file entry30.cif (mmCIF, C-alpha atoms)
data_query
#
loop_
_atom_site.label_atom_id
_atom_site.label_comp_id
_atom_site.auth_asym_id
_atom_site.auth_seq_id
_atom_site.Cartn_x
_atom_site.Cartn_y
_atom_site.Cartn_z
CA MET A 1 72.85 91.69 111.15
CA LYS A 2 74.79 93.22 114.01
CA GLU A 3 78.43 93.91 113.38
CA GLU A 4 79.52 91.71 116.31
CA ASP A 5 77.72 88.61 115.02
CA ARG A 6 79.33 88.77 111.64
CA LEU A 7 82.73 87.43 112.62
CA GLU A 8 81.30 83.94 112.92
CA GLU A 9 81.84 83.71 109.22
CA LYS A 10 85.48 83.34 108.23
CA ASN A 11 87.39 85.36 105.71
CA PRO A 12 87.64 83.11 102.61
CA ILE A 13 91.41 83.52 102.49
CA GLU A 14 91.82 82.00 105.95
CA GLY A 15 91.85 78.47 104.54
CA LEU A 16 95.13 79.30 102.83
CA LEU A 17 96.81 81.06 105.77
CA ARG A 18 98.40 79.77 108.94
CA MET A 19 96.06 81.68 111.20
CA ASP A 20 98.14 81.10 114.33
CA ARG A 21 100.77 83.42 112.81
CA ILE A 22 98.33 86.18 111.84
CA PRO A 23 98.43 89.18 112.41
CA HIS A 24 101.54 89.40 110.29
CA ILE A 25 104.49 91.69 110.98
CA TRP A 26 104.21 93.83 107.83
CA CYS A 27 103.86 97.56 108.43
CA PRO A 28 100.54 99.40 108.06
CA GLY A 29 100.33 100.46 104.41
CA CYS A 30 102.66 97.74 103.13
CA GLY A 31 101.42 96.09 99.95
CA ILE A 32 102.74 92.56 100.45
CA GLY A 33 99.52 91.39 102.12
CA THR A 34 97.59 92.57 99.05
CA VAL A 35 99.84 90.52 96.78
CA VAL A 36 99.31 87.46 98.99
CA THR A 37 95.54 87.94 98.67
CA SER A 38 95.89 88.13 94.88
CA PHE A 39 98.00 84.97 94.93
CA ALA A 40 95.37 83.17 97.03
CA ASP A 41 92.66 84.31 94.61
CA ALA A 42 94.67 82.95 91.70
CA LEU A 43 95.23 79.62 93.47
CA LYS A 44 91.49 79.26 94.08
CA LYS A 45 90.69 79.94 90.44
CA THR A 46 93.12 77.32 89.11
CA ASP A 47 92.33 73.63 89.20
CA LEU A 48 95.66 72.79 90.82
CA ASP A 49 95.77 70.22 93.60
CA LEU A 50 96.89 72.31 96.57
CA ASP A 51 98.84 69.36 97.96
CA LYS A 52 101.06 69.67 94.91
CA VAL A 53 101.82 73.37 95.17
CA ALA A 54 104.88 74.53 97.10
CA VAL A 55 105.90 78.08 97.99
CA VAL A 56 109.57 78.93 98.43
CA SER A 57 110.73 82.25 99.89
CA GLY A 58 114.07 83.74 100.67
CA ILE A 59 114.85 86.26 103.40
CA GLY A 60 113.29 89.66 103.79
CA CYS A 61 109.88 91.16 104.30
CA THR A 62 108.47 89.17 101.39
CA GLY A 63 110.41 86.13 102.56
CA ARG A 64 107.91 85.78 105.37
CA VAL A 65 105.16 84.85 102.91
CA ALA A 66 106.25 81.22 103.05
CA GLY A 67 105.61 81.24 106.77
CA TYR A 68 102.11 82.64 106.45
CA ILE A 69 100.79 80.51 103.58
CA LYS A 70 99.32 77.14 104.52
CA LEU A 71 100.83 75.12 101.71
CA ASP A 72 104.07 73.17 101.54
CA SER A 73 106.40 76.10 102.08
CA PHE A 74 110.09 76.69 102.56
CA HIS A 75 111.77 79.66 104.16
CA THR A 76 115.27 79.47 102.78
CA THR A 77 118.59 81.27 103.14
CA HIS A 78 119.14 84.75 101.76
CA GLY A 79 119.05 84.90 97.98
CA ARG A 80 118.82 81.13 97.60
CA ALA A 81 115.09 80.74 97.07
CA ILE A 82 115.53 79.79 93.41
CA PRO A 83 118.18 77.08 94.03
CA TYR A 84 115.91 75.48 96.65
CA ALA A 85 112.99 75.70 94.28
CA THR A 86 115.06 74.20 91.47
CA GLY A 87 116.01 71.27 93.69
CA LEU A 88 112.42 70.81 94.75
CA LYS A 89 111.19 70.88 91.18
CA LEU A 90 113.81 68.38 89.98
CA ALA A 91 113.25 65.99 92.87
CA SER A 92 109.47 66.14 92.51
CA PRO A 93 108.61 67.14 88.94
CA GLY A 94 104.87 66.88 89.58
CA THR A 95 104.94 69.75 92.08
CA LYS A 96 104.09 73.28 91.02
CA VAL A 97 106.77 75.42 92.63
CA VAL A 98 106.16 79.10 93.29
CA VAL A 99 109.01 81.36 94.36
CA PHE A 100 107.63 84.32 96.33
CA SER A 101 110.37 86.71 97.28
CA GLY A 102 111.57 90.27 97.26
CA ASP A 103 113.70 92.25 94.84
CA GLY A 104 116.75 92.33 97.10
CA ASP A 105 116.58 88.61 97.66
CA LEU A 106 115.89 87.52 94.08
CA THR A 107 117.93 89.96 92.04
CA GLY A 108 120.38 91.45 94.54
CA ILE A 109 121.78 88.66 96.68
CA GLY A 110 120.50 85.87 94.44
CA GLY A 111 120.80 87.60 91.06
CA ASN A 112 123.00 84.91 89.60
CA HIS A 113 120.58 82.14 90.50
CA PHE A 114 117.76 84.16 88.97
CA ILE A 115 119.39 84.57 85.56
CA HIS A 116 120.52 80.96 85.42
CA ALA A 117 117.10 79.59 86.30
CA ALA A 118 115.69 81.78 83.51
CA ARG A 119 118.42 80.62 81.12
CA ARG A 120 117.67 76.95 81.84
CA ASN A 121 113.94 77.65 81.69
CA MET A 122 113.25 75.88 84.97
CA ASP A 123 109.53 75.29 85.40
CA LEU A 124 109.00 77.86 88.18
CA VAL A 125 106.61 80.72 88.86
CA VAL A 126 108.64 83.59 90.28
CA ILE A 127 106.69 86.39 91.98
CA CYS A 128 109.03 89.25 92.80
CA VAL A 129 107.66 91.87 95.18
CA ASN A 130 109.65 94.98 94.34
CA ASN A 131 109.75 97.69 97.00
CA PHE A 132 112.97 99.32 95.73
CA ASN A 133 115.17 98.62 98.76
CA TYR A 134 116.29 96.04 101.33
CA ALA A 135 113.42 96.79 103.65
CA MET A 136 113.82 94.31 106.49
CA THR A 137 117.48 95.14 107.16
CA GLY A 138 116.92 98.91 107.31
CA GLY A 139 116.47 100.37 103.83
CA GLN A 140 119.82 99.83 102.14
CA VAL A 141 120.34 100.43 98.41
CA ALA A 142 119.20 97.39 96.43
CA SER A 143 119.72 96.44 92.80
CA THR A 144 116.38 98.06 91.94
CA THR A 145 116.66 101.40 93.81
CA PRO A 146 116.09 104.15 91.24
CA LYS A 147 118.69 106.86 90.71
CA THR A 148 118.57 109.87 93.08
CA ALA A 149 116.37 107.99 95.57
CA ASN A 150 117.53 108.26 99.16
CA ALA A 151 118.41 105.11 101.11
CA SER A 152 120.16 104.41 104.38
CA THR A 153 123.43 103.57 102.58
CA ALA A 154 122.95 106.48 100.14
CA PRO A 155 122.12 109.50 102.32
CA TYR A 156 122.84 111.92 99.43
CA GLY A 157 120.83 109.91 96.94
CA ASN A 158 121.57 106.79 94.98
CA PHE A 159 123.95 107.19 92.03
CA GLU A 160 124.05 103.57 90.85
CA GLY A 161 122.03 102.42 87.91
CA ALA A 162 119.12 100.11 88.65
CA PHE A 163 118.03 96.82 87.18
CA SER A 164 114.93 96.83 85.02
CA LEU A 165 113.65 93.45 86.13
CA PRO A 166 111.43 92.58 83.12
CA TYR A 167 114.32 93.42 80.79
CA LEU A 168 116.67 91.25 82.86
CA ALA A 169 114.24 88.32 82.87
CA ASP A 170 113.54 88.70 79.15
CA ALA A 171 117.22 88.85 78.26
CA ALA A 172 117.98 85.82 80.41
CA GLY A 173 115.28 83.81 78.65
CA ALA A 174 112.15 83.83 80.80
CA THR A 175 109.05 82.65 78.95
CA TYR A 176 106.47 84.80 80.71
CA VAL A 177 107.24 88.31 81.95
CA ALA A 178 104.74 90.72 83.49
CA ARG A 179 104.90 93.75 85.73
CA TRP A 180 102.10 95.17 87.85
CA THR A 181 101.74 97.36 90.89
CA ALA A 182 100.04 96.40 94.15
CA LEU A 183 97.07 98.51 93.07
CA HIS A 184 96.34 96.29 90.03
CA LEU A 185 94.80 93.58 92.23
CA ARG A 186 92.76 91.67 89.73
CA ARG A 187 95.41 91.90 87.04
CA VAL A 188 98.09 90.55 89.39
CA SER A 189 95.73 87.72 90.25
CA LYS A 190 95.04 86.99 86.58
CA SER A 191 98.73 87.10 85.74
CA ILE A 192 99.59 84.65 88.53
CA GLU A 193 96.77 82.38 87.37
CA GLU A 194 98.13 82.41 83.82
CA ALA A 195 101.62 81.69 85.09
CA LEU A 196 100.40 78.80 87.25
CA ASN A 197 98.64 77.25 84.27
CA ARG A 198 101.65 77.24 81.98
CA LYS A 199 105.05 75.62 81.81
CA GLY A 200 108.40 77.34 81.90
CA PHE A 201 110.04 80.13 83.85
CA SER A 202 107.37 82.75 84.55
CA PHE A 203 108.34 86.02 86.14
CA ILE A 204 105.87 88.50 87.63
CA GLU A 205 107.15 91.71 89.18
CA VAL A 206 104.76 93.47 91.55
CA ILE A 207 105.69 96.97 92.66
CA THR A 208 104.55 97.55 96.24
CA PRO A 209 104.73 100.50 98.60
CA CYS A 210 107.38 100.40 101.34
CA VAL A 211 106.07 102.93 103.82
CA THR A 212 108.45 102.73 106.73
CA LEU A 213 111.72 102.95 104.83
CA TYR A 214 111.53 103.90 101.16
CA ALA A 215 108.63 106.34 101.48
CA ARG A 216 109.79 107.82 104.78
CA ARG A 217 113.38 108.42 103.66
CA ASN A 218 112.19 109.96 100.40
CA ARG A 219 109.33 111.93 101.99
CA LEU A 220 106.72 110.29 99.78
CA GLY A 221 104.01 110.08 102.42
CA SER A 222 101.91 107.09 103.38
CA GLY A 223 101.02 103.90 101.58
CA LEU A 224 97.95 105.61 100.20
CA ASN A 225 100.09 108.34 98.62
CA LEU A 226 102.19 105.66 96.92
CA LEU A 227 99.09 103.88 95.62
CA LYS A 228 97.88 107.21 94.23
CA TYR A 229 101.23 107.62 92.52
CA TYR A 230 100.84 104.16 90.96
CA TYR A 231 97.38 105.12 89.78
CA ASP A 232 98.52 108.42 88.26
CA LYS A 233 101.76 107.31 86.69
CA SER A 234 101.21 103.71 85.61
CA GLU A 235 100.35 102.96 82.03
CA ILE A 236 99.26 99.55 80.82
CA ARG A 237 101.06 98.53 77.65
CA HIS A 238 100.85 94.83 76.90
CA GLY A 239 103.66 93.51 74.78
CA ALA A 240 105.81 96.61 75.23
CA ASP A 241 109.49 96.41 74.34
CA THR A 242 111.23 95.39 77.57
CA ARG A 243 114.08 97.81 76.84
CA ASP A 244 111.78 100.76 77.54
CA LEU A 245 110.70 99.69 81.00
CA GLU A 246 113.27 101.48 83.12
CA ILE A 247 111.89 102.96 86.36
CA THR A 248 113.05 106.44 87.33
CA PHE A 249 112.48 108.02 90.72
CA GLN A 250 108.73 108.82 90.92
CA GLY A 251 108.63 108.64 87.13
CA LYS A 252 106.35 106.84 84.73
CA LEU A 253 105.63 103.14 85.33
CA THR A 254 104.91 100.93 82.36
CA VAL A 255 103.00 97.85 83.43
CA GLY A 256 101.46 94.92 81.59
CA LYS A 257 102.27 91.51 80.25
CA PHE A 258 105.35 91.87 78.10
CA ILE A 259 106.50 88.42 77.09
CA GLU A 260 104.73 85.13 76.55
CA ARG A 261 106.58 82.57 74.48
CA GLU A 262 107.18 78.85 74.32
CA ARG A 263 110.57 77.30 75.03
CA GLU A 264 111.67 73.81 76.01
CA THR A 265 111.85 73.53 79.81
CA PHE A 266 114.91 72.14 81.55
CA LEU A 267 113.43 68.68 82.14
CA ASP A 268 112.02 68.39 78.62
CA ALA A 269 115.35 69.44 77.13
CA MET A 270 117.22 66.94 79.31
CA ASN A 271 114.87 64.12 78.39
CA SER A 272 114.88 64.83 74.68
CA HIS A 273 118.65 65.33 74.52
CA LEU A 274 119.61 62.28 76.59
CA SER A 275 117.12 59.99 74.88
CA HIS A 276 118.55 61.17 71.56
CA VAL A 277 122.14 60.48 72.67
CA LEU A 278 121.63 57.32 74.75
CA GLY A 279 118.74 55.81 72.86
CA ASP A 280 116.73 53.12 74.58
CA ASP A 281 119.11 52.89 77.56
CA TYR A 282 117.76 56.18 78.88
CA GLN A 283 114.72 56.15 81.11
CA LEU A 284 112.71 59.36 80.81
CA TYR A 285 112.89 61.34 84.03
CA GLY A 286 109.91 62.95 85.65
CA ARG A 287 107.23 61.21 83.62
CA CYS A 288 106.29 58.62 86.25
CA PHE A 289 105.46 61.37 88.74
CA ASP A 290 103.20 63.31 86.43
CA ASP A 291 101.09 60.43 85.15
CA MET B 1 62.44 100.66 91.95
CA ILE B 2 61.68 98.78 88.77
CA TYR B 3 63.47 95.48 88.26
CA PHE B 4 63.78 93.30 85.18
CA GLY B 5 61.76 90.23 86.05
CA ASP B 6 62.88 88.93 89.41
CA LYS B 7 66.50 90.11 88.94
CA LYS B 8 67.72 92.36 91.70
CA PRO B 9 71.11 93.92 92.27
CA ILE B 10 73.33 91.88 94.61
CA LYS B 11 74.01 93.52 97.94
CA GLY B 12 76.93 92.77 100.23
CA ASP B 13 77.33 92.13 103.93
CA ILE B 14 80.61 93.67 105.06
CA HIS B 15 82.53 91.91 107.81
CA ILE B 16 85.31 93.86 109.54
CA ASP B 17 87.73 92.36 112.06
CA LYS B 18 88.48 95.62 113.83
CA ASN B 19 91.28 94.31 116.00
CA ARG B 20 93.22 92.96 113.05
CA CYS B 21 93.05 96.27 111.16
CA LYS B 22 96.14 98.50 111.01
CA GLY B 23 94.32 101.57 109.73
CA CYS B 24 96.08 101.93 106.36
CA GLY B 25 92.88 103.31 104.79
CA PHE B 26 93.16 101.41 101.49
CA CYS B 27 89.59 100.07 101.69
CA VAL B 28 88.18 103.50 102.55
CA GLU B 29 90.01 105.21 99.68
CA TYR B 30 89.29 102.64 96.98
CA CYS B 31 85.70 101.62 97.78
CA PRO B 32 83.87 102.61 94.56
CA ARG B 33 80.64 103.39 96.44
CA ASP B 34 82.20 105.12 99.50
CA VAL B 35 80.63 102.66 101.89
CA LEU B 36 83.43 102.79 104.47
CA GLU B 37 84.94 105.55 106.55
CA LEU B 38 87.75 105.61 109.11
CA SER B 39 86.35 105.85 112.64
CA GLU B 40 87.51 108.06 115.47
CA GLU B 41 87.68 105.18 117.91
CA PHE B 42 90.82 103.09 118.54
CA ASN B 43 91.16 99.34 118.30
CA ALA B 44 93.28 97.18 120.63
CA LYS B 45 96.44 98.01 118.69
CA GLY B 46 95.80 101.77 118.69
CA TYR B 47 94.80 102.16 115.04
CA HIS B 48 91.60 103.66 113.66
CA PRO B 49 89.62 100.87 111.96
CA PRO B 50 86.98 101.67 109.31
CA PHE B 51 83.27 101.54 110.02
CA ILE B 52 80.34 100.91 107.69
CA LYS B 53 78.77 104.22 106.78
CA ASP B 54 76.15 103.16 104.29
CA GLU B 55 75.86 99.44 103.73
CA ASP B 56 72.94 99.65 101.30
CA GLU B 57 75.34 101.09 98.75
CA CYS B 58 77.62 98.03 98.88
CA CYS B 59 77.42 96.18 95.56
CA TYR B 60 79.56 93.14 96.45
CA CYS B 61 82.53 94.05 94.26
CA GLN B 62 84.92 92.62 96.90
CA LEU B 63 87.56 95.26 96.20
CA CYS B 64 88.02 95.95 99.92
CA GLU B 65 88.52 92.25 100.52
CA SER B 66 91.18 92.05 97.81
CA ILE B 67 93.05 95.22 98.71
CA CYS B 68 93.16 94.72 102.49
CA PRO B 69 96.75 93.82 103.40
CA GLU B 70 95.70 92.53 106.81
CA TYR B 71 92.89 90.12 105.72
CA ALA B 72 90.69 92.09 108.12
CA ILE B 73 87.68 92.78 105.88
CA PHE B 74 85.57 90.59 103.64
CA VAL B 75 82.18 90.67 101.99
CA THR B 76 79.48 88.04 101.66
CA ILE B 77 76.30 88.19 99.60
CA LYS B 78 73.46 89.67 101.60
CA LYS B 79 70.55 87.30 101.96
CA THR B 80 67.25 88.71 100.86
CA LYS B 81 64.24 88.56 103.14
CA GLU B 82 62.74 85.70 101.13
CA GLU B 83 65.88 83.64 101.60
CA LYS B 84 65.86 84.29 105.32
CA GLY B 85 62.29 83.04 105.44
CA GLU B 86 60.75 86.33 106.54
CA LYS B 87 57.48 87.59 105.26
CA VAL B 88 57.64 90.11 102.47
CA GLU B 89 54.87 92.47 101.50
CA ASN B 90 53.63 91.69 98.04
CA ARG B 91 54.39 94.42 95.61
CA PRO B 92 51.42 95.75 93.59
#
call {"tool": "encode", "arguments": {"input": "entry30.cif", "output": "structure tokens"}}
result
Amino acid sequence: MKEEDRLEEKNPIEGLLRMDRIPHIWCPGCGIGTVVTSFADALKKTDLDLDKVAVVSGIGCTGRVAGYIKLDSFHTTHGRAIPYATGLKLASPGTKVVVFSGDGDLTGIGGNHFIHAARRNMDLVVICVNNFNYAMTGGQVASTTPKTANASTAPYGNFEGAFSLPYLADAAGATYVARWTALHLRRVSKSIEEALNRKGFSFIEVITPCVTLYARRNRLGSGLNLLKYYYDKSEIRHGADTRDLEITFQGKLTVGKFIERERETFLDAMNSHLSHVLGDDYQLYGRCFDD
Amino acid sequence: MIYFGDKKPIKGDIHIDKNRCKGCGFCVEYCPRDVLELSEEFNAKGYHPPFIKDEDECCYCQLCESICPEYAIFVTIKKTKEEKGEKVENRP
């Protein structure tokens, strides 16, 4: 077959993308597109009704995912992706709500919403694309920037401590915690699939290269150099203690699935508590939508 | 080549949308069979898209399709000559 004739066939992911908005604005070498492909793969493998899946994003480079994915999707205000998703989940309990956002949005600006959604065990899948800075606004220090890394608001290197996101999610009460890099394509996909098929607050951190800001300011080279670094320095340790997962500048990365446990979700807890207190006067909430 | 029964290794047809490519080189670097290579030519955006160097080596692992951040490359299963309806010489 000639190369020109081949484009009659469509890329299988195109059914899940708003093709009028493609090509996307992400830089060459950025890993967010890879994570979106993994997410689409996971969606295809699950048996979920795609009319009942919603994607919520905040602001930032990763926040644009909601605009590119052809599902019910919401592009919300900065840091408030999880409150919107919580409202969506409570108003329509039969919907599977996926929060797809960046580290600055989820744990910097919206850090409080993140820990409280984990504490309540809201039934959400949170995919956090971690590129170690606020990339869209110009590379400022974020809550995840490792020590000594250069950023536009830290020209002599960052001296603040950084969040270890799996530890934060674990401590706040998330029921599924995993961390991968953009290079672990199939594992990211499998993790997202597992998270979509279970109940409770599931948190997946995906470390991606930020070429234009983080890599350029720190002289780390291109996206390929960062992927090579992930390959060399990442170690898969399932079930590792989340206290040991701190990321240092260009240091070792521990990846894997760390936590999987069962806890009562927010709606289940509300139903069981209120039906216990109010007795037969209480009508169970959320059941009529599911069945 | 000797095959087990009528089982044959699956081959892939690689489809590249050259004008959507941004030349990051992920597919070239991580192809396990080194099927792709970055070309010298430019696409409409001014990047160097990959070209297919040796398609017979492609084993349909779909890694390039998964790793491409631009959704610019994908692989389908190559149809054999029998499936296309062409005549095949009978093997001895």
call {"tool": "resolve_selection", "arguments": {"input": "entry30.cif", "expression": "the PyMOL selection byres ((chain B and resi 78) around 12)", "output": "PyMOL selection string"}}
result
(chain A and resi 1+6) or (chain B and resi 8-15+55-60+75-77+79-84)
call {"tool": "residues_around", "arguments": {"input": "entry30.cif", "residues": "Phe203 of chain A", "least_positions_apart": "4", "cutoff": "7 Å", "atoms": "all atoms listed in the file", "output": "number ranges by chain"}}
result
A: 125-127, 174, 176-178
call {"tool": "interface_residues", "arguments": {"input": "entry30.cif", "of": "chain B", "to": "chain A", "cutoff": "10 Å", "atoms": "all atoms listed in the file", "output": "PDB file with C-alpha atoms, in the frame of the given file"}}
result
ATOM      1  CA  ASP B  13      77.330  92.130 103.930  1.00  0.00           C
ATOM      2  CA  ILE B  14      80.610  93.670 105.060  1.00  0.00           C
ATOM      3  CA  HIS B  15      82.530  91.910 107.810  1.00  0.00           C
ATOM      4  CA  ILE B  16      85.310  93.860 109.540  1.00  0.00           C
ATOM      5  CA  ASP B  17      87.730  92.360 112.060  1.00  0.00           C
ATOM      6  CA  ASN B  19      91.280  94.310 116.000  1.00  0.00           C
ATOM      7  CA  ARG B  20      93.220  92.960 113.050  1.00  0.00           C
ATOM      8  CA  CYS B  21      93.050  96.270 111.160  1.00  0.00           C
ATOM      9  CA  LYS B  22      96.140  98.500 111.010  1.00  0.00           C
ATOM     10  CA  GLY B  23      94.320 101.570 109.730  1.00  0.00           C
ATOM     11  CA  CYS B  24      96.080 101.930 106.360  1.00  0.00           C
ATOM     12  CA  GLY B  25      92.880 103.310 104.790  1.00  0.00           C
ATOM     13  CA  PHE B  26      93.160 101.410 101.490  1.00  0.00           C
ATOM     14  CA  GLU B  29      90.010 105.210  99.680  1.00  0.00           C
ATOM     15  CA  TYR B  30      89.290 102.640  96.980  1.00  0.00           C
ATOM     16  CA  TYR B  47      94.800 102.160 115.040  1.00  0.00           C
ATOM     17  CA  PHE B  51      83.270 101.540 110.020  1.00  0.00           C
ATOM     18  CA  ILE B  52      80.340 100.910 107.690  1.00  0.00           C
ATOM     19  CA  LEU B  63      87.560  95.260  96.200  1.00  0.00           C
ATOM     20  CA  GLU B  65      88.520  92.250 100.520  1.00  0.00           C
ATOM     21  CA  SER B  66      91.180  92.050  97.810  1.00  0.00           C
ATOM     22  CA  ILE B  67      93.050  95.220  98.710  1.00  0.00           C
ATOM     23  CA  CYS B  68      93.160  94.720 102.490  1.00  0.00           C
ATOM     24  CA  PRO B  69      96.750  93.820 103.400  1.00  0.00           C
ATOM     25  CA  GLU B  70      95.700  92.530 106.810  1.00  0.00           C
ATOM     26  CA  TYR B  71      92.890  90.120 105.720  1.00  0.00           C
ATOM     27  CA  ALA B  72      90.690  92.090 108.120  1.00  0.00           C
ATOM     28  CA  ILE B  73      87.680  92.780 105.880  1.00  0.00           C
ATOM     29  CA  PHE B  74      85.570  90.590 103.640  1.00  0.00           C
ATOM     30  CA  VAL B  75      82.180  90.670 101.990  1.00  0.00           C
ATOM     31  CA  THR B  76      79.480  88.040 101.660  1.00  0.00           C
ATOM     32  CA  LYS B  78      73.460  89.670 101.600  1.00  0.00           C
TER      33      LYS B  78
END
call {"tool": "closest_atom_pairs", "arguments": {"input": "entry30.cif", "of": "segment 23-121 of chain A", "to": "segment 276-286 of chain A", "cutoff": "12 Å", "atoms": "all atoms listed in the file", "output": "Markdown table"}}
result
| residue | atom | partner | partner_atom | distance |
| --- | --- | --- | --- | --- |
| A:Lys89 | CA | A:Gly286 | CA | 9.8 |
| A:Leu90 | CA | A:Gly286 | CA | 8.0 |
| A:Ala91 | CA | A:Gly286 | CA | 8.5 |
| A:Ser92 | CA | A:Gly286 | CA | 7.6 |
| A:Pro93 | CA | A:Gly286 | CA | 5.5 |
| A:Gly94 | CA | A:Gly286 | CA | 7.5 |
| A:Thr95 | CA | A:Gly286 | CA | 10.6 |
call {"tool": "atom_distance", "arguments": {"input": "entry30.cif", "atom1": "atom CA of Glu246 of chain A", "atom2": "atom CA of Ser164 of chain A"}}
result
5.3 Å
call {"tool": "resolve_selection", "arguments": {"input": "entry30.cif", "expression": "the PyMOL selection byres ((chain A and resi 197-202) around 8)", "output": "PyMOL selection string"}}
result
chain A and resi 46+117-118+121-126+174-177+193-196+203-204+262-265
call {"tool": "atom_distance", "arguments": {"input": "entry30.cif", "atom1": "atom CA of Leu36 of chain B", "atom2": "atom CA of Cys61 of chain B"}}
result
13.5 Å
call {"tool": "atom_distance", "arguments": {"input": "entry30.cif", "atom1": "atom CA of Asp20 of chain A", "atom2": "atom CA of Arg80 of chain A"}}
result
26.6 Å
call {"tool": "closest_residue", "arguments": {"input": "entry30.cif", "among": "A:Gly173, A:Gly60, A:Gly161, A:Gly87", "to": "Thr148 of chain A", "atoms": "only C-alpha atoms"}}
result
A:Gly161
call {"tool": "axis_aligned_box", "arguments": {"input": "entry30.cif", "around": "segment 31-34 of chain B", "padding_each_side": "5 Å", "output": "JSON"}}
result
{"center_x": 83.2, "center_y": 103.4, "center_z": 97.0, "size_x": 15.1, "size_y": 13.5, "size_z": 14.9}
